[in-house]
Each structure stands twice: as C-alpha cells, then as structure tokens.
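Only one structure is covered here, and it is reproduced in the block below.
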Amino acid sequence: MDRIALFDLDGTLLDSAPDIHAALDRLMAAHGRPGFSREEVRLMIGDGVPVLIQRACAARTLADSPGLVAEFLADYEAHAADETRPFPGIPEALAALKAGGWRLAVCTNKPEKAARIILDDQGLSPLLEAVGGGDSFPVRKPHPGHPLGILARMGAEPSRAVLIGDHHNDTRAAKAAGIAAVFAAWGYGGPEMAEGAPVAAAPADLPKILAGMLAGLLPG
Ligand SMILES: O=C(O)COP(=O)(O)O
C-alpha cells in the first residue's frame, strides 16, 4: 500500500540556522545594521525568505525591498551548505523509512534552488522523489496547496501521506490538506507548534511512529 512521508526542511531534516544566520548578518552589515542572535534568527525562520527579510528589516528599521531578497539569496545560495548539516539521526531515519517502503519528499518554504543545493551537498537527494519549495507553487505552507501540489506531482493521495515538521506552518498545512502530521520536537519551533499532532522526540523515533500511523491512514 502506498505510503508517503513529506518532510519539512529547515529545523526538521536540516540544522540550517547557522548559514541563514551568517548570510542575514552579512546583509545587515552591508546596510549598516547590527546582526542578530541565533535565537532571534531561529524565530524568524519558517515562512520563507521574503518573510525572513521582512522580519529582519522590521527589526532593524531598514526599508524592505525585493532587491534585498535577491541580494540575500545570491549570497545565501553560495554559502547554503557551508555549515548546514542534517540533524543527527536524519540520514539513518530516511534510509530506514525508504527501506520500509515509504516514498519520501520535501515540502519546504525555503526557495527550491537553495533547498536542492543543500540536499545535493549532503547526499540526501537520491532518497527523495520530489522537492517542493516555497517558490515552487503559487502558494506555500500553511496553505494546503503546497503539500497537495507535491503529492499531485508524485501521483499520491493525501490520505496515504504524513507530513513531518517543526513549525505550526507544517501542522496547519497538513490539517488543512487532510494529511496526517508529526511534530519534530528537535527543531526550531516551540512545543505549542505541535497543535495536537503526535510528537517525535528524535529522528530515530520516526520509523516506529510512522509505522504506527500506517494503520490509521485510509486504504488506497
Ligand atoms: O525557509 C524557511 O523560512 C522555512 O523553511 P521550512 O519550511 O523548510 O522550515
């Protein structure tokens, strides 16, 4: 029976905050503004790059513009994999799920190009059937059209899918799309962002949790 695991990227598969933080601080410095703490950056991640830049500009009284987003992205794409690594246990969990018959894909609000740069660099791309970024569809999480668009590309049913993420954008997109959700407690989101979804404490727990959810997925 078909089974699909859709993964959020930043804060779920990848500890990407160090490179996002460094690029954001370089952008602020280029515009004469002070940088941020790591915690401040973690809290700004989750809604894609244009919103990240909006939040940073608002915090530093800098006029937000599409030019700043392009400036950030050109720099970030060149350094996206400098320090970014999968969270411990993620490569093993993905391999175990794939071996267990799960079809794997990424559903991230990160721009698709930057997502692919890191996934290629870290050798994760061969495990994935699809990567849907924050700019791959007209909508992005928490809009259900984002995970649903990825499933449509895979020829897969929402009733056979689980979305694993660390942000309320993930749990909300899943709920609105009729997809089961699992909250990744090791990521950047506070525990309140689980919003009632089952919680995985560590990546190593995923194969067991997802296996347990199989029975609850509708036949298809
Ligand atoms: O880039 C972001 O802001 C968030 O990306 P994510 O959806 O993979 O957490």
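Letters A, B, ... go to the chains of the structure tokens in the order shown; residues in each chain start at 1; ligands are counted from 1 in the same order.
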
Kindly assemble as JSON lines a list of the chain A residues that lie within 8 Å of ligand 1, each paired with its nearest atom pair and their distance in Å to one decimal, using only C-alpha atoms and all ligand atoms, sorted first by chain and then by ascending residue number.
```
{"residue": "A:Asp8", "atom": "CA", "partner": "ligand 1", "partner_atom_place_in_ligand_line": "8 (O)", "distance": 4.7}
{"residue": "A:Leu9", "atom": "CA", "partner": "ligand 1", "partner_atom_place_in_ligand_line": "8 (O)", "distance": 3.5}
{"residue": "A:Asp10", "atom": "CA", "partner": "ligand 1", "partner_atom_place_in_ligand_line": "8 (O)", "distance": 3.8}
{"residue": "A:Gly11", "atom": "CA", "partner": "ligand 1", "partner_atom_place_in_ligand_line": "9 (O)", "distance": 5.9}
{"residue": "A:Thr12", "atom": "CA", "partner": "ligand 1", "partner_atom_place_in_ligand_line": "9 (O)", "distance": 7.1}
{"residue": "A:Met44", "atom": "CA", "partner": "ligand 1", "partner_atom_place_in_ligand_line": "3 (O)", "distance": 7.3}
{"residue": "A:Ile45", "atom": "CA", "partner": "ligand 1", "partner_atom_place_in_ligand_line": "3 (O)", "distance": 4.1}
{"residue": "A:Gly46", "atom": "CA", "partner": "ligand 1", "partner_atom_place_in_ligand_line": "3 (O)", "distance": 3.5}
{"residue": "A:Asp47", "atom": "CA", "partner": "ligand 1", "partner_atom_place_in_ligand_line": "3 (O)", "distance": 4.2}
{"residue": "A:Gly48", "atom": "CA", "partner": "ligand 1", "partner_atom_place_in_ligand_line": "3 (O)", "distance": 3.4}
{"residue": "A:Val49", "atom": "CA", "partner": "ligand 1", "partner_atom_place_in_ligand_line": "3 (O)", "distance": 5.6}
{"residue": "A:Val51", "atom": "CA", "partner": "ligand 1", "partner_atom_place_in_ligand_line": "3 (O)", "distance": 7.5}
{"residue": "A:Leu52", "atom": "CA", "partner": "ligand 1", "partner_atom_place_in_ligand_line": "3 (O)", "distance": 6.4}
{"residue": "A:Cys107", "atom": "CA", "partner": "ligand 1", "partner_atom_place_in_ligand_line": "7 (O)", "distance": 6.7}
{"residue": "A:Thr108", "atom": "CA", "partner": "ligand 1", "partner_atom_place_in_ligand_line": "7 (O)", "distance": 3.6}
{"residue": "A:Asn109", "atom": "CA", "partner": "ligand 1", "partner_atom_place_in_ligand_line": "7 (O)", "distance": 3.6}
{"residue": "A:Lys110", "atom": "CA", "partner": "ligand 1", "partner_atom_place_in_ligand_line": "1 (O)", "distance": 3.5}
{"residue": "A:Pro111", "atom": "CA", "partner": "ligand 1", "partner_atom_place_in_ligand_line": "1 (O)", "distance": 7.0}
{"residue": "A:Gly133", "atom": "CA", "partner": "ligand 1", "partner_atom_place_in_ligand_line": "7 (O)", "distance": 7.8}
{"residue": "A:Gly134", "atom": "CA", "partner": "ligand 1", "partner_atom_place_in_ligand_line": "7 (O)", "distance": 7.3}
{"residue": "A:Lys141", "atom": "CA", "partner": "ligand 1", "partner_atom_place_in_ligand_line": "7 (O)", "distance": 7.2}
{"residue": "A:Gly165", "atom": "CA", "partner": "ligand 1", "partner_atom_place_in_ligand_line": "9 (O)", "distance": 7.4}
{"residue": "A:Asp166", "atom": "CA", "partner": "ligand 1", "partner_atom_place_in_ligand_line": "9 (O)", "distance": 7.2}
{"residue": "A:His167", "atom": "CA", "partner": "ligand 1", "partner_atom_place_in_ligand_line": "9 (O)", "distance": 6.9}
{"residue": "A:Asn169", "atom": "CA", "partner": "ligand 1", "partner_atom_place_in_ligand_line": "7 (O)", "distance": 7.6}
{"residue": "A:Asp170", "atom": "CA", "partner": "ligand 1", "partner_atom_place_in_ligand_line": "7 (O)", "distance": 7.5}
```

Would you export the selected residues with N, CA and C atoms as a PDB file, in the first residue's frame, please?
```
ATOM      1  N   ASP A   8       9.416  18.603   6.140  1.00  0.00           N
ATOM      2  CA  ASP A   8       9.867  19.983   6.192  1.00  0.00           C
ATOM      3  C   ASP A   8      11.402  19.939   6.177  1.00  0.00           C
ATOM      4  N   LEU A   9      12.035  21.062   5.815  1.00  0.00           N
ATOM      5  CA  LEU A   9      13.496  21.050   5.685  1.00  0.00           C
ATOM      6  C   LEU A   9      14.187  21.768   6.850  1.00  0.00           C
ATOM      7  N   ASP A  10      14.036  23.111   6.907  1.00  0.00           N
ATOM      8  CA  ASP A  10      14.737  23.895   7.933  1.00  0.00           C
ATOM      9  C   ASP A  10      14.171  23.561   9.309  1.00  0.00           C
ATOM     10  N   GLY A  11      15.025  23.030  10.189  1.00  0.00           N
ATOM     11  CA  GLY A  11      14.576  22.711  11.544  1.00  0.00           C
ATOM     12  C   GLY A  11      13.978  21.317  11.664  1.00  0.00           C
ATOM     13  N   THR A  12      13.887  20.585  10.550  1.00  0.00           N
ATOM     14  CA  THR A  12      13.359  19.217  10.617  1.00  0.00           C
ATOM     15  C   THR A  12      14.400  18.235  10.069  1.00  0.00           C
ATOM     16  N   MET A  44      12.747  33.692  13.330  1.00  0.00           N
ATOM     17  CA  MET A  44      12.331  34.349  12.077  1.00  0.00           C
ATOM     18  C   MET A  44      12.199  33.360  10.922  1.00  0.00           C
ATOM     19  N   ILE A  45      12.704  32.132  11.109  1.00  0.00           N
ATOM     20  CA  ILE A  45      12.665  31.108  10.055  1.00  0.00           C
ATOM     21  C   ILE A  45      11.294  30.428  10.048  1.00  0.00           C
ATOM     22  N   GLY A  46      10.806  30.078   8.883  1.00  0.00           N
ATOM     23  CA  GLY A  46       9.586  29.268   8.825  1.00  0.00           C
ATOM     24  C   GLY A  46       8.612  29.677   7.743  1.00  0.00           C
ATOM     25  N   ASP A  47       8.702  30.958   7.316  1.00  0.00           N
ATOM     26  CA  ASP A  47       7.737  31.443   6.317  1.00  0.00           C
ATOM     27  C   ASP A  47       8.386  31.807   4.985  1.00  0.00           C
ATOM     28  N   GLY A  48       9.609  31.318   4.781  1.00  0.00           N
ATOM     29  CA  GLY A  48      10.286  31.576   3.527  1.00  0.00           C
ATOM     30  C   GLY A  48      11.159  32.824   3.575  1.00  0.00           C
ATOM     31  N   VAL A  49      11.983  32.992   2.538  1.00  0.00           N
ATOM     32  CA  VAL A  49      12.981  34.074   2.530  1.00  0.00           C
ATOM     33  C   VAL A  49      12.357  35.475   2.476  1.00  0.00           C
ATOM     34  N   VAL A  51       9.681  36.626   3.737  1.00  0.00           N
ATOM     35  CA  VAL A  51       9.176  36.977   5.075  1.00  0.00           C
ATOM     36  C   VAL A  51      10.336  37.093   6.074  1.00  0.00           C
ATOM     37  N   LEU A  52      11.357  36.269   5.926  1.00  0.00           N
ATOM     38  CA  LEU A  52      12.555  36.382   6.774  1.00  0.00           C
ATOM     39  C   LEU A  52      13.159  37.777   6.629  1.00  0.00           C
ATOM     40  N   CYS A 107       8.842  19.145   1.588  1.00  0.00           N
ATOM     41  CA  CYS A 107       7.874  20.241   1.445  1.00  0.00           C
ATOM     42  C   CYS A 107       8.394  21.390   2.308  1.00  0.00           C
ATOM     43  N   THR A 108       9.090  22.339   1.680  1.00  0.00           N
ATOM     44  CA  THR A 108       9.760  23.403   2.428  1.00  0.00           C
ATOM     45  C   THR A 108       9.367  24.787   1.925  1.00  0.00           C
ATOM     46  N   ASN A 109       9.333  25.743   2.837  1.00  0.00           N
ATOM     47  CA  ASN A 109       9.109  27.131   2.420  1.00  0.00           C
ATOM     48  C   ASN A 109      10.398  27.798   1.934  1.00  0.00           C
ATOM     49  N   LYS A 110      11.513  27.094   2.072  1.00  0.00           N
ATOM     50  CA  LYS A 110      12.783  27.581   1.539  1.00  0.00           C
ATOM     51  C   LYS A 110      12.691  27.594   0.014  1.00  0.00           C
ATOM     52  N   PRO A 111      13.324  28.561  -0.667  1.00  0.00           N
ATOM     53  CA  PRO A 111      13.287  28.516  -2.130  1.00  0.00           C
ATOM     54  C   PRO A 111      13.863  27.183  -2.648  1.00  0.00           C
ATOM     55  N   GLY A 133       9.520  23.634  -3.065  1.00  0.00           N
ATOM     56  CA  GLY A 133       9.982  24.769  -2.277  1.00  0.00           C
ATOM     57  C   GLY A 133       8.911  25.836  -2.087  1.00  0.00           C
ATOM     58  N   GLY A 134       9.297  26.886  -1.362  1.00  0.00           N
ATOM     59  CA  GLY A 134       8.367  27.983  -1.093  1.00  0.00           C
ATOM     60  C   GLY A 134       8.020  28.782  -2.331  1.00  0.00           C
ATOM     61  N   LYS A 141       3.241  26.669   2.469  1.00  0.00           N
ATOM     62  CA  LYS A 141       2.713  26.358   3.808  1.00  0.00           C
ATOM     63  C   LYS A 141       2.507  27.636   4.606  1.00  0.00           C
ATOM     64  N   GLY A 165       7.109  17.973  10.525  1.00  0.00           N
ATOM     65  CA  GLY A 165       7.689  19.316  10.563  1.00  0.00           C
ATOM     66  C   GLY A 165       7.782  19.874  11.963  1.00  0.00           C
ATOM     67  N   ASP A 166       8.510  21.006  12.086  1.00  0.00           N
ATOM     68  CA  ASP A 166       8.804  21.583  13.405  1.00  0.00           C
ATOM     69  C   ASP A 166       8.102  22.912  13.631  1.00  0.00           C
ATOM     70  N   HIS A 167       7.153  23.262  12.750  1.00  0.00           N
ATOM     71  CA  HIS A 167       6.564  24.604  12.800  1.00  0.00           C
ATOM     72  C   HIS A 167       5.047  24.488  12.669  1.00  0.00           C
ATOM     73  N   ASN A 169       3.326  26.055  10.719  1.00  0.00           N
ATOM     74  CA  ASN A 169       3.019  26.051   9.281  1.00  0.00           C
ATOM     75  C   ASN A 169       2.900  24.626   8.753  1.00  0.00           C
ATOM     76  N   ASP A 170       3.665  23.715   9.343  1.00  0.00           N
ATOM     77  CA  ASP A 170       3.621  22.315   8.911  1.00  0.00           C
ATOM     78  C   ASP A 170       2.356  21.626   9.415  1.00  0.00           C
TER      79      ASP A 170
END
```

| task | Skip His21 of chain A itself and residues of its chain fewer than 5 positions away, then list as JSON, numbers by chain all residues within 9 Å of it, counting only C-alpha atoms. | result | {"A": [16, 26, 35, 36, 37, 38, 41, 42]}

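Nearest to Glu129 of chain A of all the residues A:Ala80, A:Leu151, A:Leu104, A:Cys57 is A:Leu104, based on only C-alpha atoms.
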
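Here the question is which of A:Arg140, A:Arg33, A:His146, A:Arg85 gets nearest to Asp15 of chain A using only C-alpha atoms, and that residue is A:Arg85.
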
| message | For the structure I just gave you, how does DSSP split segment 54-98 of chain A - specifically, which residues are helix (DSSP H, G or I)? Reply as a list of chain:residue names. | response | A:Gln54, A:Arg55, A:Ala56, A:Cys57, A:Ala58, A:Ala59, A:Pro66, A:Gly67, A:Leu68, A:Val69, A:Ala70, A:Glu71, A:Phe72, A:Leu73, A:Ala74, A:Asp75, A:Tyr76, A:Glu77, A:Ala78, A:His79, A:Ile90, A:Pro91, A:Glu92, A:Ala93, A:Leu94, A:Ala95, A:Ala96, A:Leu97, A:Lys98

| task | Return the single residue from A:Arg160, A:Ala177, A:Asp2, A:His79 that is closest to Asp19 of chain A, with distances computed using only C-alpha atoms. | result |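 The answer is A:His79, which sits nearest to Asp19 of chain A.
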
| Residues near Ile164 of chain A, cut-off 10 Å, only C-alpha atoms, skip fewer than 6 positions along chain, as a ChimeraX atom specification | /A:5-9,12-13,106-107,170-171,174,180-184,197-200,206,210

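You will find atom CA of Gln54 of chain A at 19.3 Å from atom CA of Gly189 of chain A.
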